[in-house]
Each structure stands twice: as C-alpha cells, then as structure tokens.
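J.: Below is the structure I would like to discuss, written out as structure tokens.
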Amino acid sequence: MESTWSARRKLIYGLGVLIVIILIAVFSLRNVLFPTPTCFDGKQNGYEAGVDCGGSCSLRCSSQIIPLSVSWARAIRTSSTTYDLAGLIGNRNVDSSTQAITYTFSIYGPDGTLMAQMNGMTPVPVDGDFPVVVNKVFLPAPPSSVSLTVPGNALFYHVTESATNPTLRVTSTRFEEGAIPRVYATIVNTKRLRLKNVPVRAVLYDEQGNAFAVGQTIIDSLDKEGVANVVFTWNTAFSFPPTKIRIYPILDPFVVS
C-alpha cells in the first residue's frame, strides 16, 4: 500500500510540475497564441467598425466618411493673358480629415478642348469649405469653362481639431479701395501650439455671390496664442467693392492631432 501511495504522490507531483510548465509556456507565448487585436492585422476584431478601421482605429471606414466635394471653380482674369484659378472644396466630416491632397484644375478653350491643366496641393481642414488658388496662370485665350477635381478615394483619419473650437480664428477683416486694393485680416492662434507655414487664402465676392478676386499668403510662424496680421493686394483697381470677404486660414489638422 505504501509503495502504491508513493507512486501516486510522485504522479501528482509530476502532474503539478507539468501544469506549471504549461502555464508558464502559455503565459510566455500569450501574444502568439492569442494576439491582441490591432489596427494593422487585416482583420475586423477588437472594437473596429470594419477591417482595421473605425472604432478604436484612427483610420475611418469608407462608410463613415463623406467624400470631399467641389462647390465651384473658375478662372478670374488678372491681365490680358493671365488668370487666377480658384475653387471651393468642402470637407463635411466633423472629426476626420485626409492628409494633404493633390487637386487639378482643368481649363477648357472656346471650342471645348482641354487648354491646360494645373495641379496643386493643400491641407484639408475639418468640417467646412476652403478655397484653393493657383495665381498668375498664362492662358493664350479666354477659357470657356474650368473644372476642379479632388481625390475620390482619399483615406480619412480621426483628428482632434474641432470646427466649434478651431485652432485659428479670423478676428477682423478690412477692405481698402484704391489703385492697389488691399484686404487686411487678423489671424489668432487660440492654442498653446506654435505653428509654421500656415497658408491663408482670401476670396472676394460680388453681389451675385460670385468670386471675382482671390489671394493667398503664408504666415511663416505663429507663436502659441499669437496674433498675425496679413495683407492681400491686387495690382489693379476693382470696378466695385466686394459684397463679402472671406478669409480662410488653412490649418493642417494633423499638426494638432
């Protein structure tokens, strides 16, 4: 009987040691055996709304975003042979944006043929409209129409920038008539974040709501909670003063995310 009990005791001890070894091995290999869901594993798991998108992932699923839109595009004559190309793009996503996009202006001649194409790049602010501008484009003939295209398959990511509490605010705007018309604007940085190379664009509208002049400049540096005064100028007098002036500081939302 004693030898039988001794054998059983050895068996119990052996099983105990084996269980401990198995538990240690499982614990050591837990990330291999039971991988933690990530936003880069090609699977819909964890709190994702789709495959590696939505939920806890910064990448938004295509079903969660509204594609960029274009409200208008036009060529604004600045001399006998030069034009400013301008268009208004809309991002209707309140907490999502895409990395800087490449846009394309297509200019068509009087006979409807493609006369020229011009590309540019711009950051995409959240939840609102913003203009894009290409200045002083030479055209051999007056264009009959202009179109503006933006990427339709851009990837959108969650950002912290909020349209209700924007980083940049326009606090004042003033128009000055004359042989060289000017628009003055004051831009305020509301956050404790130093910003560099911030594009600022201006659009002047007539009584019919059509843009008849555009301009753009760059704020090289804007300190934390700092203020910048910008000036837009045009080389010839306007036939009439603007009915509406819109100033657009173009903040890259990924700078503050």
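Going through the structure tokens in order, the chains are called A, B, and so on, while each chain numbers its residues from 1 and the ligands are numbered from 1 in the order shown.
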With a distance cut-off of 10 Å and only C-alpha atoms, select the neighbouring residues of stretch 122-127 of chain A, excluding the residue or stretch itself and same-chain residues fewer than 2 positions from it, and output the selection as number ranges by chain.
T.: A: 68, 89-103, 120, 129-133, 159-164, 166, 198-199, 248-254
J.: Generate the output file for the selected residues, N, CA and C atoms, as a CSV table (one decimal), in the first residue's frame.
T.:
chain,number,residue,atom,x,y,z
A,68,LEU,N,-14.8,64.3,-50.2
A,68,LEU,CA,-14.7,65.7,-50.5
A,68,LEU,C,-15.5,66.1,-51.7
A,89,ILE,N,-13.5,73.8,-52.1
A,89,ILE,CA,-13.6,72.4,-51.7
A,89,ILE,C,-14.3,72.3,-50.4
A,90,GLY,N,-15.1,71.3,-50.2
A,90,GLY,CA,-15.8,71.1,-48.9
A,90,GLY,C,-15.4,69.7,-48.3
A,91,ASN,N,-15.1,69.8,-47.0
A,91,ASN,CA,-14.9,68.6,-46.1
A,91,ASN,C,-16.0,68.6,-45.1
A,92,ARG,N,-17.0,67.7,-45.2
A,92,ARG,CA,-18.2,67.7,-44.3
A,92,ARG,C,-18.0,66.8,-43.1
A,93,ASN,N,-16.8,66.3,-42.9
A,93,ASN,CA,-16.6,65.4,-41.8
A,93,ASN,C,-16.2,66.2,-40.6
A,94,VAL,N,-16.9,66.0,-39.5
A,94,VAL,CA,-16.7,66.9,-38.3
A,94,VAL,C,-15.4,66.6,-37.5
A,95,ASP,N,-15.0,65.3,-37.6
A,95,ASP,CA,-13.8,64.9,-36.8
A,95,ASP,C,-12.8,64.1,-37.6
A,96,SER,N,-12.9,64.2,-38.9
A,96,SER,CA,-12.0,63.4,-39.7
A,96,SER,C,-11.5,64.2,-40.9
A,97,SER,N,-10.3,63.9,-41.3
A,97,SER,CA,-9.7,64.6,-42.5
A,97,SER,C,-8.7,63.6,-43.1
A,98,THR,N,-8.2,64.0,-44.3
A,98,THR,CA,-7.3,63.3,-45.0
A,98,THR,C,-6.0,64.0,-45.1
A,99,GLN,N,-4.9,63.3,-45.3
A,99,GLN,CA,-3.6,64.0,-45.5
A,99,GLN,C,-3.7,64.9,-46.7
A,100,ALA,N,-2.7,65.9,-46.8
A,100,ALA,CA,-2.7,66.9,-47.9
A,100,ALA,C,-3.0,66.2,-49.2
A,101,ILE,N,-3.9,66.8,-50.0
A,101,ILE,CA,-4.4,66.2,-51.3
A,101,ILE,C,-3.8,67.0,-52.4
A,102,THR,N,-3.7,66.3,-53.6
A,102,THR,CA,-3.4,67.0,-54.8
A,102,THR,C,-4.7,67.2,-55.6
A,103,TYR,N,-4.9,68.4,-56.0
A,103,TYR,CA,-6.1,68.8,-56.8
A,103,TYR,C,-5.7,69.2,-58.2
A,120,GLY,N,-2.1,71.3,-57.8
A,120,GLY,CA,-1.6,71.9,-56.6
A,120,GLY,C,-1.8,71.0,-55.4
A,129,ASP,N,-15.9,74.5,-45.8
A,129,ASP,CA,-15.4,74.8,-47.1
A,129,ASP,C,-14.1,75.5,-47.0
A,130,PHE,N,-13.2,75.4,-48.0
A,130,PHE,CA,-12.0,76.1,-48.1
A,130,PHE,C,-11.6,76.2,-49.5
A,131,PRO,N,-10.9,77.3,-49.9
A,131,PRO,CA,-10.6,77.6,-51.3
A,131,PRO,C,-9.2,77.0,-51.6
A,132,VAL,N,-9.0,76.8,-52.9
A,132,VAL,CA,-7.6,76.5,-53.4
A,132,VAL,C,-7.4,77.5,-54.5
A,133,VAL,N,-6.2,78.0,-54.6
A,133,VAL,CA,-5.9,79.1,-55.6
A,133,VAL,C,-4.6,78.8,-56.3
A,159,VAL,N,-9.2,63.1,-36.3
A,159,VAL,CA,-8.3,64.2,-35.9
A,159,VAL,C,-9.0,64.9,-34.7
A,160,THR,N,-8.2,65.6,-33.9
A,160,THR,CA,-8.7,66.3,-32.7
A,160,THR,C,-9.2,67.7,-33.0
A,161,GLU,N,-8.8,68.3,-34.1
A,161,GLU,CA,-9.2,69.6,-34.5
A,161,GLU,C,-10.7,69.7,-34.6
A,162,SER,N,-11.3,70.7,-34.0
A,162,SER,CA,-12.8,70.9,-34.0
A,162,SER,C,-13.2,72.2,-34.6
A,163,ALA,N,-14.2,72.1,-35.5
A,163,ALA,CA,-14.7,73.3,-36.1
A,163,ALA,C,-15.4,74.2,-35.1
A,164,THR,N,-15.9,73.7,-34.0
A,164,THR,CA,-16.5,74.5,-33.0
A,164,THR,C,-15.5,75.2,-32.1
A,166,PRO,N,-11.9,76.0,-33.1
A,166,PRO,CA,-10.8,76.0,-34.1
A,166,PRO,C,-9.5,76.5,-33.5
A,198,VAL,N,1.7,78.6,-42.4
A,198,VAL,CA,0.2,78.4,-42.4
A,198,VAL,C,-0.3,79.2,-43.6
A,199,PRO,N,-0.9,78.5,-44.6
A,199,PRO,CA,-1.5,79.2,-45.8
A,199,PRO,C,-2.7,80.0,-45.3
A,248,TYR,N,-9.6,82.6,-45.2
A,248,TYR,CA,-9.5,81.2,-44.8
A,248,TYR,C,-8.1,80.8,-44.3
A,249,PRO,N,-7.9,80.8,-43.0
A,249,PRO,CA,-6.6,80.2,-42.6
A,249,PRO,C,-6.7,78.7,-42.8
A,250,ILE,N,-5.7,78.1,-43.5
A,250,ILE,CA,-5.8,76.7,-43.9
A,250,ILE,C,-4.8,75.9,-42.9
A,251,LEU,N,-5.5,75.4,-41.9
A,251,LEU,CA,-4.7,74.6,-40.9
A,251,LEU,C,-4.7,73.1,-41.2
A,252,ASP,N,-3.5,72.5,-41.2
A,252,ASP,CA,-3.4,71.1,-41.4
A,252,ASP,C,-3.8,70.5,-40.1
A,253,PRO,N,-5.0,69.7,-40.0
A,253,PRO,CA,-5.5,69.2,-38.8
A,253,PRO,C,-4.6,68.2,-38.1
A,254,PHE,N,-3.7,67.6,-38.9
A,254,PHE,CA,-2.8,66.6,-38.3
A,254,PHE,C,-1.6,67.2,-37.5
J.: Set out as CSV a contact list for stretch 176-213 of chain A and stretch 76-82 of chain A with a cut-off of 9 Å, giving each residue of stretch 176-213 of chain A that qualifies its closest atom pair and distance in Å to one decimal, counting only C-alpha atoms, ordered by chain and rising residue number.
T.:
residue,atom,partner,partner_atom,distance
A:Ala211,CA,A:Ile76,CA,8.1
A:Phe212,CA,A:Ile76,CA,6.3
A:Ala213,CA,A:Ile76,CA,6.7
J.: With distances taken over only C-alpha atoms, which of A:Val227, A:Ile219, A:Val203, A:Ala86 is nearest to A:Thr243?
T.: A:Val203
J.: Please report the interatomic distance between atom CA of A:Asp84 and atom CA of A:Val255 in Å with one decimal.
T.: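 One can read the atom CA of A:Asp84 to atom CA of A:Val255 distance as 28.6 Å.
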J.: Using only C-alpha atoms, which of A:Ala185, A:Leu59, A:Glu177, A:Leu222 sits nearest A:Ser239?
T.: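 Among the listed residues, the smallest separation from A:Ser239 belongs to A:Glu177.
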J.: Given only C-alpha atoms as the basis, pick out the residue of A:Pro241, A:Gly152, A:Gly87, A:Gly46 nearest to A:Tyr205.
T.: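 Of A:Pro241, A:Gly152, A:Gly87, A:Gly46, the one nearest A:Tyr205, counting only C-alpha atoms, is A:Pro241.
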J.: List as a PyMOL selection string the protein and nucleic acid residues near A:Asn229, meaning an atom at most 10 Å away when only C-alpha atoms are counted, but skip any in the same chain fewer than 2 places from it.
T.: chain A and resi 170+172-173+184-188+219+227+231
J.: When you count only C-alpha atoms, which of these residues is closest to A:Asn165: A:Pro140, A:Ala228, A:Thr190, A:Tyr83?
T.: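 Of A:Pro140, A:Ala228, A:Thr190, A:Tyr83, the one nearest A:Asn165, counting only C-alpha atoms, is A:Thr190.
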J.: Apply DSSP to the backbone of this structure and, from stretch 35-237 of chain A, keep only the residues in strand (DSSP E or B); write these as a ChimeraX atom specification.
T.: /A:50,53,59,69-77,82-91,96-98,101-108,114-122,128-138,145-149,156-158,168-176,182-189,195-205,211-222,227-233
J.: Could you check which of A:Thr236, A:Thr217, A:Asn135, A:Ser145 is closest to A:Trp72, using only C-alpha atoms?
T.: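 Of A:Thr236, A:Thr217, A:Asn135, A:Ser145, the one nearest A:Trp72, counting only C-alpha atoms, is A:Ser145.
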J.: Contacts of A:Glu48 at 12 Å or less, counting only C-alpha atoms, minus same-chain residues fewer than 5 places along, as a list in words?
T.: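 Surrounding residues, per the criterion: Pro37, Thr38, Cys39, Phe40, Asp41, Gly42, Lys43, Cys53, Gly54, Gly55, Ser56, Cys57, Ser58, Leu59, Arg60 and Cys61 of chain A.
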J.: Please compute the atom CA of A:Lys191-atom CA of A:Arg169 distance, one decimal, in Å.
T.: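 Atom-to-atom, atom CA of A:Lys191 and atom CA of A:Arg169 are spaced 10.5 Å apart.
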J.: Within 10 Å of A:Leu148, counting only C-alpha atoms, which residues show up once you throw out same-chain ones fewer than 4 positions away? Write them as a count of residues only, please.
T.: 20
J.: Excluding A:Arg182 and its own-chain neighbours fewer than 5 positions away, which residues fall within 7 Å of it when counting only C-alpha atoms? Please give them as an NGL selection string.
T.: :A and (175-177 or 231-234)
